[in-house]
Amino acid sequence: MNLKDQIVSSLEKASKVKNPNLEFASHEEFGDYTTNVALRNATSAKDLVAKLQKDKDLTKIVEKIEVAGPGFINFHLKKEALLTELAKVLKEKEDYGRSYEGKGKVVVIDYSAPNIAKRFSIGHLRSTIIGQALYNLHKFTGYKVIGDNHLGDWGTQFGVLIYMVEKNKVDPTKLTVEEWEKLYVDFHTKLDSDPSLKEEARHAFKRLEEADPAAKAIWQAAYDTSLKEYQRLYDLLKVKIDYAYGESFYEPMLDTIIKEVQSKKIAKESQGAQIIEFKDLPPAMLVKSDGATTYLTRDLAAIKYRIKTWNPDLFIYEVGADQILHFKQVFATSRLLGWIKDQKMVHVAHGLVRFKEGKMSTRRGKTVKLEEVLKEAVEKAKEFNSDPKISELVGIGAIKYFDLIHEPQSEIIFDWSKIFVLEGKSGPYLQYTYARTQSVLSKAKANNLKKETPSLNQEELSTLRLLTRFPEVISISTKTYSPNILAEYLFTLAQKYNAFYNKHKIIEGDNQDFRLALTIGVGHVLKNGLNLLGIQAPQKM
RNA sequence: GCCCCUGUAGCUCAAUGGAUAGAGCAUCUCCCUUCUAAGGAGGAGAUGAGGGUUCGAUUCCCCCCAGGGGCACCA
């Protein structure tokens with residue numbers, strides 16, 4: 001149990017309030033933790049403090065409990081409790097903060113999901129990076145985690161490609177992803193002057209769904225080429241996703257799904273199509289008027305498959321905010337079908353990456369290729385360090401951290417001049433601080449945290465206090481699907497450590513053992529935290 | 001038109017209904033004969049407008065303004 005939970009549990013007993021709220025003190029003079037449970041429940045803060053002071057478990061870790069301001073109760077942790085916690089960090093190393101909150105639970109995370117035959121754009125980075133961080137966090141808190149890359153490899157977009165390949169008489173096996181995307185863009189340009197082309201694309205997709213061999217061969221060529229390119233990018237990003245079933249995988253199951261929806265009288269015919277109506281949502285389309293399926297059908301099939309295969313307690317979809325309505329409809333339909341009862345379904349809807357002038361659009365060829373961004377970032381990082389391994393890890397770390405420091409829902413305005421952040425609140429700042437801890441340690445002799453309590457200065461104490469909050473940061477970051485909370489915490493920790501580093505010499509004097517122990521602890525937490533965010537921490541830079 | 005999200009410093013972002021609204025960039029002043037200056041210390045600078053609920057509102061409610069997203073055959 002972490003320090004915060006220990007106080008909460010004592011507070012619960014004394015106040016008889018369930019889940020009494022306890023937060024970080026906003027200023028160090030207010031101690032370490034603050035509760036307003038007395039204010040909220042109009043009980044006497046004084047009486048509550050009196051009860052708390054008799055709690056031996058609590059007084060073991062807390063040295064002072066006081067009423068302050070309009071009735072807050074502030075807890076000041078004992079220095080010994082903080083030092084015990086530091087010893088724990090040293091003992092558990094990179095397992096410090098690991099918990100069993102998710103023990104016995106299964107979570108499926110649907111993330112990344114690029115569209116086949118389109119370049120992997122900067123827009124897909126968010127889903128990939130945030131999704132991967134959520135994956136790591138859930139694993140670290142004890143869940144059984146399954147990651148699935150729901151590739152956009154089915155749908156009318158392939159009708160477009162089949163039509164264009166046949167019309168232009170090109171060899172599909174020779175096309176690059178770039179060229180596939182160009183076909184797609186060209187089609188939409190032509191569509192503006194000739195709307196009847198839409199029918200051609202739909203017809204071609206229908207052929208694909210009916211397993212026409214020529215259509216299938218074109219699809220396969222696009223799939224193979226795209227996957228190869230995506231793999232290269234995932235390698236570069238150091239992202240591994242357990243499965244990549246993709247929409248096409250569910251194709252054989254769609255008939256069964258449609259029949260089940262119909263037999264449960266959830267679908268309704270409208271203008272030749274099959275639709276689903278809801279009480280408080282606009283209707284969704286299950287089958288088009290020409291009999292072709294939609295992505296709703298395929299998302300439903302994916303849910304059914306995931307339940308059958310893993311029986312998850314929690315479904316997380318890390319997909320853009322433009323899909324909010326779609327997922328509301330998907331979740332509502334799976335409830336109507338009776339598939340989803342107690343399981344939790346969450347759409348972590350990240351804000352879109354857009355240009356100042358407007359939305360990115362593949363159809364109009366207005367996207368930014370991720371690979372270019374990554375290459376540019378690595379080039380920038382080379383200005384500091386010419387070692388290719390380090391500049392790669394720093395450049396990519398910078399891009400990832402930039403993405404993760406924003407809360408998922410916030411929009412990101414893409415700006416070449418702002419995306420490569422190598423100083424200040426940035427990935428490289430954290431990597432640098434980690435490398436700095438390692439550098440100090442490499443110059444020091446072996447050390448042990450001594451038994452006697454050293455007297456701590458302001459900077460040491462602030463760093464130590466923050467360090468011990470790591471476990472609760474992990475917990476809240478996971479529970480709220482917000483890797484940005486962890487990203488923010490790591491920055492603040494690095495800041496505190498750097499302030500300490502600049503003011504005091506570490507390898508010197510009486511407190512050397514403590515300072516080295518603190519350095520080791522900060523190193524563990526920084527490295528571990530960065531890794532959870534999917535960012536590598538170098539020994540040197 | 002209807003639904004959802006967002007509006008915080010010059011710019012980019014934080015702040016489970018709490019105390020003195022935190023950072024980064026940019027700007028101004030300092031700190032490398034000292035363990036990594038991709039660093040540190042300090043200055044200046046902000047809640048779109050108006051109501052309401054509350055002991056207390058950036059946060060909740062109402063209205064207005066501004067931006068973004070979505071609303072049946074793209075996903």
# chains A, B, ... in the order shown; residues from 1 in each chain; ligands from 1
>>> interface_residues(of="chain B", to="chain A", cutoff="10 Å", atoms="only C-alpha atoms (C1' of nucleotides)", output="MDAnalysis selection string")
chainID B and resid 3:6 12:16 18:20 22:25 31 34:36 38:41 55:56 68:75
>>> select_by_dssp(residues="region 148-197 of chain A", states="helix (DSSP H, G or I)", output="MDAnalysis selection string")
chainID A and resid 156:168 172:174 177:193 197
>>> write_last_selection(atoms="N, CA and C atoms", output="mmCIF file, in the first residue's frame")
data_model
loop_
_atom_site.group_PDB
_atom_site.id
_atom_site.type_symbol
_atom_site.label_atom_id
_atom_site.label_comp_id
_atom_site.auth_asym_id
_atom_site.auth_seq_id
_atom_site.Cartn_x
_atom_site.Cartn_y
_atom_site.Cartn_z
ATOM 1 N N THR A 156 -15.312 0.577 -48.577
ATOM 2 C CA THR A 156 -15.488 1.159 -49.912
ATOM 3 C C THR A 156 -14.201 1.784 -50.453
ATOM 4 N N GLN A 157 -13.314 2.198 -49.546
ATOM 5 C CA GLN A 157 -12.031 2.741 -50.007
ATOM 6 C C GLN A 157 -11.309 1.749 -50.922
ATOM 7 N N PHE A 158 -11.513 0.441 -50.695
ATOM 8 C CA PHE A 158 -10.875 -0.543 -51.573
ATOM 9 C C PHE A 158 -11.597 -0.646 -52.912
ATOM 10 N N GLY A 159 -12.885 -0.310 -52.898
ATOM 11 C CA GLY A 159 -13.603 -0.204 -54.163
ATOM 12 C C GLY A 159 -12.951 0.869 -55.022
ATOM 13 N N VAL A 160 -12.598 1.957 -54.379
ATOM 14 C CA VAL A 160 -11.938 3.067 -55.079
ATOM 15 C C VAL A 160 -10.643 2.579 -55.725
ATOM 16 N N LEU A 161 -9.844 1.875 -54.942
ATOM 17 C CA LEU A 161 -8.538 1.421 -55.436
ATOM 18 C C LEU A 161 -8.680 0.389 -56.544
ATOM 19 N N ILE A 162 -9.614 -0.536 -56.369
ATOM 20 C CA ILE A 162 -9.832 -1.568 -57.389
ATOM 21 C C ILE A 162 -10.255 -0.908 -58.700
ATOM 22 N N TYR A 163 -11.173 0.023 -58.584
ATOM 23 C CA TYR A 163 -11.631 0.740 -59.769
ATOM 24 C C TYR A 163 -10.471 1.456 -60.463
ATOM 25 N N MET A 164 -9.649 2.160 -59.696
ATOM 26 C CA MET A 164 -8.550 2.945 -60.262
ATOM 27 C C MET A 164 -7.480 2.055 -60.894
ATOM 28 N N VAL A 165 -7.149 0.955 -60.237
ATOM 29 C CA VAL A 165 -6.139 0.034 -60.785
ATOM 30 C C VAL A 165 -6.626 -0.534 -62.113
ATOM 31 N N GLU A 166 -7.868 -0.945 -62.148
ATOM 32 C CA GLU A 166 -8.398 -1.554 -63.374
ATOM 33 C C GLU A 166 -8.547 -0.521 -64.482
ATOM 34 N N LYS A 167 -9.024 0.635 -64.102
ATOM 35 C CA LYS A 167 -9.232 1.707 -65.072
ATOM 36 C C LYS A 167 -7.904 2.145 -65.686
ATOM 37 N N ASN A 168 -6.872 2.307 -64.844
ATOM 38 C CA ASN A 168 -5.569 2.785 -65.335
ATOM 39 C C ASN A 168 -4.675 1.654 -65.835
ATOM 40 N N PRO A 172 -0.795 -3.872 -59.814
ATOM 41 C CA PRO A 172 -0.937 -3.528 -58.396
ATOM 42 C C PRO A 172 0.241 -3.993 -57.543
ATOM 43 N N THR A 173 0.929 -5.034 -57.957
ATOM 44 C CA THR A 173 2.031 -5.533 -57.120
ATOM 45 C C THR A 173 3.247 -4.615 -57.197
ATOM 46 N N LYS A 174 3.226 -3.701 -58.170
ATOM 47 C CA LYS A 174 4.400 -2.818 -58.309
ATOM 48 C C LYS A 174 4.195 -1.445 -57.659
ATOM 49 N N VAL A 177 3.234 2.463 -51.447
ATOM 50 C CA VAL A 177 2.141 3.019 -50.645
ATOM 51 C C VAL A 177 1.828 4.442 -51.115
ATOM 52 N N GLU A 178 2.888 5.155 -51.420
ATOM 53 C CA GLU A 178 2.761 6.516 -51.936
ATOM 54 C C GLU A 178 1.861 6.537 -53.187
ATOM 55 N N GLU A 179 2.111 5.587 -54.081
ATOM 56 C CA GLU A 179 1.349 5.523 -55.331
ATOM 57 C C GLU A 179 -0.097 5.063 -55.096
ATOM 58 N N TRP A 180 -0.274 4.167 -54.148
ATOM 59 C CA TRP A 180 -1.641 3.767 -53.782
ATOM 60 C C TRP A 180 -2.414 4.995 -53.288
ATOM 61 N N GLU A 181 -1.734 5.739 -52.446
ATOM 62 C CA GLU A 181 -2.420 6.915 -51.900
ATOM 63 C C GLU A 181 -2.760 7.906 -53.003
ATOM 64 N N LYS A 182 -1.879 7.998 -53.973
ATOM 65 C CA LYS A 182 -2.116 8.931 -55.072
ATOM 66 C C LYS A 182 -3.364 8.523 -55.872
ATOM 67 N N LEU A 183 -3.526 7.211 -56.071
ATOM 68 C CA LEU A 183 -4.727 6.729 -56.759
ATOM 69 C C LEU A 183 -5.977 7.189 -56.014
ATOM 70 N N TYR A 184 -5.906 7.074 -54.697
ATOM 71 C CA TYR A 184 -7.021 7.448 -53.840
ATOM 72 C C TYR A 184 -7.327 8.950 -53.968
ATOM 73 N N VAL A 185 -6.273 9.740 -53.928
ATOM 74 C CA VAL A 185 -6.436 11.192 -54.039
ATOM 75 C C VAL A 185 -6.982 11.559 -55.425
ATOM 76 N N ASP A 186 -6.402 10.949 -56.463
ATOM 77 C CA ASP A 186 -6.855 11.216 -57.840
ATOM 78 C C ASP A 186 -8.342 10.914 -58.007
ATOM 79 N N PHE A 187 -8.754 9.794 -57.431
ATOM 80 C CA PHE A 187 -10.160 9.414 -57.532
ATOM 81 C C PHE A 187 -11.059 10.512 -56.965
ATOM 82 N N HIS A 188 -10.666 11.010 -55.786
ATOM 83 C CA HIS A 188 -11.513 12.018 -55.158
ATOM 84 C C HIS A 188 -11.493 13.354 -55.906
ATOM 85 N N THR A 189 -10.375 13.617 -56.582
ATOM 86 C CA THR A 189 -10.339 14.823 -57.416
ATOM 87 C C THR A 189 -11.315 14.682 -58.580
ATOM 88 N N LYS A 190 -11.291 13.494 -59.218
ATOM 89 C CA LYS A 190 -12.197 13.246 -60.340
ATOM 90 C C LYS A 190 -13.654 13.236 -59.890
ATOM 91 N N LEU A 191 -13.857 12.734 -58.690
ATOM 92 C CA LEU A 191 -15.214 12.621 -58.164
ATOM 93 C C LEU A 191 -15.919 13.977 -58.104
ATOM 94 N N ASP A 192 -15.157 15.011 -57.875
ATOM 95 C CA ASP A 192 -15.737 16.345 -57.791
ATOM 96 C C ASP A 192 -16.463 16.727 -59.069
ATOM 97 N N SER A 193 -15.890 16.309 -60.216
ATOM 98 C CA SER A 193 -16.539 16.671 -61.477
ATOM 99 C C SER A 193 -17.472 15.566 -61.985
ATOM 100 N N LEU A 197 -18.902 8.387 -60.349
ATOM 101 C CA LEU A 197 -17.784 7.488 -60.035
ATOM 102 C C LEU A 197 -17.989 6.770 -58.705
#
>>> residues_around(residues="Met253 (chain A)", least_positions_apart="6", cutoff="10 Å", atoms="only C-alpha atoms (C1' of nucleotides)", output="PyMOL selection string")
chain A and resi 297-298+300-302+304-305
>>> closest_residue(among="A:Gly131, A:Gly521, A:Gly509, A:Pro471", to="Met1 (chain A)", atoms="only C-alpha atoms")
A:Pro471
>>> residues_around(residues="C63 (chain B)", least_positions_apart="3", cutoff="12 Å", atoms="only C-alpha atoms (C1' of nucleotides)", output="ChimeraX atom specification")
/B:49-52
>>> write_last_selection(atoms="N, CA and C atoms (P, O5', C5', C4', C3', O3' and C1' of nucleotides)", output="PDB file, in the first residue's frame")
ATOM      1  P     A B  49     -13.604  37.212 -19.632  1.00  0.00           P
ATOM      2  O5'   A B  49     -15.009  37.690 -20.240  1.00  0.00           O
ATOM      3  C5'   A B  49     -15.092  38.922 -20.948  1.00  0.00           C
ATOM      4  C4'   A B  49     -16.537  39.249 -21.215  1.00  0.00           C
ATOM      5  C3'   A B  49     -17.459  39.100 -20.006  1.00  0.00           C
ATOM      6  O3'   A B  49     -17.418  40.232 -19.159  1.00  0.00           O
ATOM      7  C1'   A B  49     -18.425  38.010 -21.844  1.00  0.00           C
ATOM      8  P     G B  50     -17.657  40.004 -17.559  1.00  0.00           P
ATOM      9  O5'   G B  50     -19.214  39.689 -17.481  1.00  0.00           O
ATOM     10  C5'   G B  50     -20.148  40.644 -17.954  1.00  0.00           C
ATOM     11  C4'   G B  50     -21.530  40.062 -17.953  1.00  0.00           C
ATOM     12  C3'   G B  50     -21.965  39.417 -16.649  1.00  0.00           C
ATOM     13  O3'   G B  50     -22.307  40.367 -15.658  1.00  0.00           O
ATOM     14  C1'   G B  50     -22.586  38.035 -18.441  1.00  0.00           C
ATOM     15  P     G B  51     -22.469  39.842 -14.150  1.00  0.00           P
ATOM     16  O5'   G B  51     -23.968  39.333 -14.134  1.00  0.00           O
ATOM     17  C5'   G B  51     -24.404  38.518 -13.089  1.00  0.00           C
ATOM     18  C4'   G B  51     -25.578  37.694 -13.550  1.00  0.00           C
ATOM     19  C3'   G B  51     -25.877  36.540 -12.617  1.00  0.00           C
ATOM     20  O3'   G B  51     -26.640  36.968 -11.506  1.00  0.00           O
ATOM     21  C1'   G B  51     -25.709  35.715 -14.793  1.00  0.00           C
ATOM     22  P     G B  52     -25.974  36.795 -10.042  1.00  0.00           P
ATOM     23  O5'   G B  52     -26.326  35.280  -9.734  1.00  0.00           O
ATOM     24  C5'   G B  52     -27.681  34.853  -9.853  1.00  0.00           C
ATOM     25  C4'   G B  52     -27.755  33.370 -10.072  1.00  0.00           C
ATOM     26  C3'   G B  52     -27.214  32.513  -8.945  1.00  0.00           C
ATOM     27  O3'   G B  52     -28.114  32.441  -7.864  1.00  0.00           O
ATOM     28  C1'   G B  52     -26.524  31.629 -11.036  1.00  0.00           C
TER      29        G B  52
END
>>> residues_around(residues="Val108 (chain A)", least_positions_apart="3", cutoff="8 Å", atoms="only C-alpha atoms (C1' of nucleotides)", output="list in words")
Val145, Ile146, Gly147, Asp148, Arg306, Pro312, Leu314, Phe315 and Ile316 of chain A
>>> write_last_selection(atoms="C-alpha atoms", output="short mmCIF file (atom, residue, chain, number, x, y, z; two decimals), in the first residue's frame")
data_model
loop_
_atom_site.label_atom_id
_atom_site.label_comp_id
_atom_site.auth_asym_id
_atom_site.auth_seq_id
_atom_site.Cartn_x
_atom_site.Cartn_y
_atom_site.Cartn_z
CA VAL A 145 -3.61 -6.76 -21.63
CA ILE A 146 -4.33 -7.53 -25.26
CA GLY A 147 -3.39 -4.98 -27.88
CA ASP A 148 -5.13 -5.15 -31.23
CA ARG A 306 -12.99 -10.39 -28.53
CA PRO A 312 -12.43 -8.83 -21.49
CA LEU A 314 -12.60 -3.61 -20.16
CA PHE A 315 -12.54 -2.50 -23.78
CA ILE A 316 -10.45 0.55 -24.62
#
>>> select_by_dssp(residues="region 37-217 of chain A", states="strand (DSSP E or B)", output="PyMOL selection string")
chain A and resi 62-68+72-77+106-110+115+121+144-148+152
>>> residues_around(residues="Leu137 (chain A)", least_positions_apart="5", cutoff="8 Å", atoms="only C-alpha atoms (C1' of nucleotides)", output="PyMOL selection string")
chain A and resi 474+477-478+532
>>> write_last_selection(atoms="N, CA and C atoms", output="PDB file, in the first residue's frame")
ATOM      1  N   ILE A 474       0.912   6.600 -11.068  1.00  0.00           N
ATOM      2  CA  ILE A 474       0.657   5.483 -11.981  1.00  0.00           C
ATOM      3  C   ILE A 474      -0.810   5.085 -11.898  1.00  0.00           C
ATOM      4  N   SER A 477      -3.154   7.814 -13.357  1.00  0.00           N
ATOM      5  CA  SER A 477      -2.918   7.925 -14.791  1.00  0.00           C
ATOM      6  C   SER A 477      -3.619   6.779 -15.533  1.00  0.00           C
ATOM      7  N   THR A 478      -3.560   5.595 -14.949  1.00  0.00           N
ATOM      8  CA  THR A 478      -4.186   4.426 -15.557  1.00  0.00           C
ATOM      9  C   THR A 478      -5.703   4.521 -15.467  1.00  0.00           C
ATOM     10  N   LEU A 532       7.320   3.392 -19.553  1.00  0.00           N
ATOM     11  CA  LEU A 532       5.867   3.213 -19.582  1.00  0.00           C
ATOM     12  C   LEU A 532       5.245   4.100 -20.663  1.00  0.00           C
TER      13      LEU A 532
END
>>> residues_around(residues="Lys78 (chain A)", least_positions_apart="4", cutoff="9 Å", atoms="only C-alpha atoms (C1' of nucleotides)", output="PyMOL selection string")
chain A and resi 59-64+82-83
>>> closest_residue(among="A:Ser99, A:Ser112, A:His347, A:Lys341", to="Val473 (chain A)", atoms="only C-alpha atoms")
A:Ser99
>>> atom_distance(atom1="CA of Pro454 (chain A)", atom2="CA of Asp510 (chain A)")
8.5 Å
